[in-house]
Amino acid sequence: MELLLRDRRTILTFVGPALLVYTLIVLVPVVWSLVYTVFEGNVISGFQFVGLNNFATLIRDQTFWQAVAFTLKYAVVVTIGQVAVGLLLALLYVFYLRNASALVRTLIFFPVILPTVAVAQLYSKLFEIQPQLGLVNSFFQAVHLNGLVQPWLGQAGTAFLVLVIMDIWRSMGFYAVLLYAGLVDVPNELIEAARVDGAHGWRLIRTIVLPLMTPILFSAIIFSINGTLKVFDSVLALTNGGPGQATTPLTLSMFTTSFANGQYGYGSTIAFALALMCLVVTLVIFRSARRNVA
Amino acid sequence: MSQTLTGQLDTTQESARKLQSRRGRSIRKLVGKAPLAIIVTLFLVVVLYPLVWLILSSFKTTQEFATQPTWALPQGFAWQNYVQAWNSGMGTYFLNSILAVFPSLFLILAISVSAAFGLEVMTWRLRNPVLFLFLAGIMVPLQLVLLPLFTVYFQAGLIDTRWALIITYTAFGLPLSVFLMAGFFKSVPREVMEAAVLDGASIYKVFYRVALPMVANGLVTIALVQFFFLWNDLLFSLTFISSDSNRTIQTGLLNFTGQYGQVDWGPTFAAISLAVIPTLILYLVLNQQVIKGLASGSLKG
């Protein structure tokens, strides 16, 4: 048996195809992309070596810093929203709905599997003002709050708000299930013991349940921040970065720089900055997690 | 399993406790819990009503949109919205998606299952580094690979073809699939495989006849998770597909609503519904497996 499991040719037959495809389509392009950062041009006009010019331009580029600021703002707000609402739902599942929670869990999870483009189209209809009032504006009109009837997606502030609401709506069921799984792992005896000692309701949750959930909360935060820093689909489909540049994250800015303007080198530099940002943020959270747990 | 067990345990203890102090407390409890019931109801309304509104609106005629309030029920079933949406592009996009997604799914499963077997069951020195290499792929921002891939596909004449999508989908489906699949193989008892070898089976036969049937559930989970990722893909399709007749469902929908969105609400809602329906049906049938699969996909951190 041991000999059979150590046979090199067999191993190569099993792992070879996956490793080959993965190396050629994922690993090589990553390295290649780093090489692009010191070039400028595109596939049609050809490439010239420009040294560190792209990085110099990046540092002075106002639109880049705007995109960084938007990406961070969006990531922080949506991460907090997703995890907080998810936690609230998970607590409701475990402590209020208990065994009856399966149906509610399934229903609230539903938007997670919907195509982002479809959800974004749905939301742009919900918040529409022209040519007809969407559901939200109709509602405000019906309750005579005419001041709130507005072009939600046409103003920077409200467009951001709609984007945040949509992405929390889309993902809260997912984070609820994730945290629910962590929550049912909290030993029941601990909770019962705390109850006997007189801890109830919010105090029980704050002093007993939340500290025990720290590891799973941190992995949920890391997962969420990594997803939100790379937000692309929902922005493209809902606002396309507008009005103006107001809701343009790094991913979209990279996409337009590369494909609309044909600047592959500069586009790769923005992508590189994004990858670096994801790495740094993840490491920072990891370190603070370790300090918190230890 | 342990979830339901603890859940049941919880209620038994709870009901025992309730019996002990029924008087007084039960009333207070009922009043105290009313706000929670309202919160849960509110969540359900916020999640479900927009979807109900979407489906209902897809059956309304243009005239109804103009004269009735948005929340009015449709007066009839305006199926022509669906016919119009399907004939003005959605049908083609739908077919393109199916022709790109299913070959990719098949390739992902075939390649990742054998790789996972090689990584989990076989013994070799570089096993862990290679597994780690696959894992690292989950973290790579897709923006980092778009330009090199576009360049290669452009030079190979693959831009605006299904092949560009199938190749990319397959490669990017591998990291998560290999990782999850390796986990499934871990739970196959070694003794069963050893017994098969003692009976004279080759390692390929062990893989195909013994190990594979035991991870059939895992295959379904991975196929489901990857189906949602691929069916909902926007970035790759947007980058590698340029002509309207080759668009997949997501880029097609984006384009469709861009053309009709302002004028014709009925067909637009029908188009959105068409894009949602396959995922909806899958979810209705297999929701528990979908939830578990998607949740396990994120817990690698």
# chains A, B, ... in the order shown; residues from 1 in each chain; ligands from 1
$ residues_around --residues "Val113 in chain B" --least-positions-apart "4" --cutoff "9 Å" --atoms "only C-alpha atoms" --output "mmCIF file with N, CA and C atoms, in the first residue's frame"
data_model
loop_
_atom_site.group_PDB
_atom_site.id
_atom_site.type_symbol
_atom_site.label_atom_id
_atom_site.label_comp_id
_atom_site.auth_asym_id
_atom_site.auth_seq_id
_atom_site.Cartn_x
_atom_site.Cartn_y
_atom_site.Cartn_z
ATOM 1 N N PHE A 14 -2.456 12.206 -11.147
ATOM 2 C CA PHE A 14 -3.569 12.760 -10.375
ATOM 3 C C PHE A 14 -3.487 14.275 -10.275
ATOM 4 N N ILE B 108 -13.949 21.362 -13.952
ATOM 5 C CA ILE B 108 -13.547 21.653 -12.565
ATOM 6 C C ILE B 108 -13.639 20.390 -11.726
ATOM 7 N N LEU B 109 -14.780 19.703 -11.830
ATOM 8 C CA LEU B 109 -14.980 18.504 -11.013
ATOM 9 C C LEU B 109 -13.937 17.443 -11.345
ATOM 10 N N PHE B 117 -7.458 13.907 -4.595
ATOM 11 C CA PHE B 117 -7.081 12.536 -4.230
ATOM 12 C C PHE B 117 -5.561 12.422 -4.145
ATOM 13 N N GLY B 118 -4.882 12.972 -5.157
ATOM 14 C CA GLY B 118 -3.426 12.948 -5.165
ATOM 15 C C GLY B 118 -2.829 13.690 -3.976
ATOM 16 N N SER B 177 -12.285 24.256 -5.016
ATOM 17 C CA SER B 177 -12.746 22.877 -5.206
ATOM 18 C C SER B 177 -11.717 21.869 -4.693
ATOM 19 N N VAL B 178 -10.438 22.102 -5.022
ATOM 20 C CA VAL B 178 -9.382 21.197 -4.559
ATOM 21 C C VAL B 178 -9.361 21.177 -3.039
ATOM 22 N N MET B 181 -12.501 19.448 -1.667
ATOM 23 C CA MET B 181 -12.489 18.034 -2.016
ATOM 24 C C MET B 181 -11.478 17.272 -1.153
ATOM 25 N N ALA B 182 -10.315 17.886 -0.920
ATOM 26 C CA ALA B 182 -9.305 17.254 -0.068
ATOM 27 C C ALA B 182 -9.901 16.968 1.303
ATOM 28 N N LEU B 212 -14.163 7.494 -4.911
ATOM 29 C CA LEU B 212 -15.071 8.432 -5.565
ATOM 30 C C LEU B 212 -16.533 8.273 -5.112
ATOM 31 N N LEU B 219 -19.033 15.975 -4.172
ATOM 32 C CA LEU B 219 -19.092 16.393 -5.576
ATOM 33 C C LEU B 219 -20.302 17.278 -5.838
#
$ residues_around --residues "Pro141 in chain B" --least-positions-apart "2" --cutoff "10 Å" --atoms "only C-alpha atoms" --output "list in words"
Val30, Asn226, Gly227, Leu229, Lys230, Thr251, Ala271, Phe272, Leu274, Ala275, Leu276 and Cys278 of chain A; Gly137, Ile138, Met139, Gln143, Leu144, Val145 and Leu146 of chain B
$ residues_around --residues "Asn42 in chain A" --least-positions-apart "5" --cutoff "9 Å" --atoms "only C-alpha atoms" --output "PyMOL selection string"
(chain A and resi 47+258+262-265) or (chain B and resi 151)
$ write_last_selection --atoms "C-alpha atoms" --output "PDB file, in the first residue's frame"
ATOM      1  CA  PHE A  47       4.601  48.032 -24.824  1.00  0.00           C
ATOM      2  CA  SER A 258      -7.011  49.231 -18.660  1.00  0.00           C
ATOM      3  CA  GLY A 262      -5.821  51.093 -23.005  1.00  0.00           C
ATOM      4  CA  GLN A 263      -3.210  51.705 -20.286  1.00  0.00           C
ATOM      5  CA  TYR A 264      -2.256  48.169 -19.265  1.00  0.00           C
ATOM      6  CA  GLY A 265       0.786  49.215 -17.276  1.00  0.00           C
TER       7      GLY A 265
ATOM      8  CA  THR B 151      -3.204  39.547 -23.838  1.00  0.00           C
TER       9      THR B 151
END
$ select_by_dssp --residues "range 3-167 of chain A" --states "strand (DSSP E)" --output "list of chain:residue names"
A:Phe39, A:Glu40, A:Gly41, A:Asn42, A:Gly46, A:Phe47, A:Gln48, A:Phe49
$ write_last_selection --atoms "N, CA and C atoms" --output "compact mmCIF listing (two decimals), in the first residue's frame"
# COMPACT_ATOMS: atom_id res chain seq x y z
N PHE A 39 5.80 48.72 -17.35
CA PHE A 39 5.64 48.98 -18.79
C PHE A 39 4.44 49.91 -19.00
N GLU A 40 4.36 50.47 -20.21
CA GLU A 40 3.12 51.14 -20.58
C GLU A 40 2.75 50.75 -21.99
N GLY A 41 1.44 50.80 -22.27
CA GLY A 41 0.98 50.43 -23.60
C GLY A 41 -0.13 49.41 -23.50
N ASN A 42 -0.50 48.79 -24.63
CA ASN A 42 -1.49 47.73 -24.59
C ASN A 42 -1.26 46.76 -25.72
N GLY A 46 1.40 47.90 -28.51
CA GLY A 46 2.71 47.45 -28.07
C GLY A 46 3.10 48.08 -26.74
N PHE A 47 4.22 47.60 -26.17
CA PHE A 47 4.60 48.03 -24.82
C PHE A 47 5.96 48.72 -24.82
N GLN A 48 6.11 49.74 -23.96
CA GLN A 48 7.43 50.33 -23.74
C GLN A 48 7.77 50.24 -22.26
N PHE A 49 9.06 50.02 -21.99
CA PHE A 49 9.54 50.00 -20.61
C PHE A 49 9.56 51.42 -20.06
$ select_by_dssp --residues "range 85-291 of chain B" --states "alpha helix (DSSP H)" --output "ChimeraX atom specification"
/B:85,91-120,127-139,143-155,162-186,190-198,203-205,212-214,216-231,235-240,249-260,265-291
$ residues_around --residues "Tyr283 in chain B" --least-positions-apart "6" --cutoff "12 Å" --atoms "only C-alpha atoms" --output "NGL selection string"
(:A and (106-107 or 109-114)) or (:B and (224-225 or 227-228 or 276-277 or 289-294))
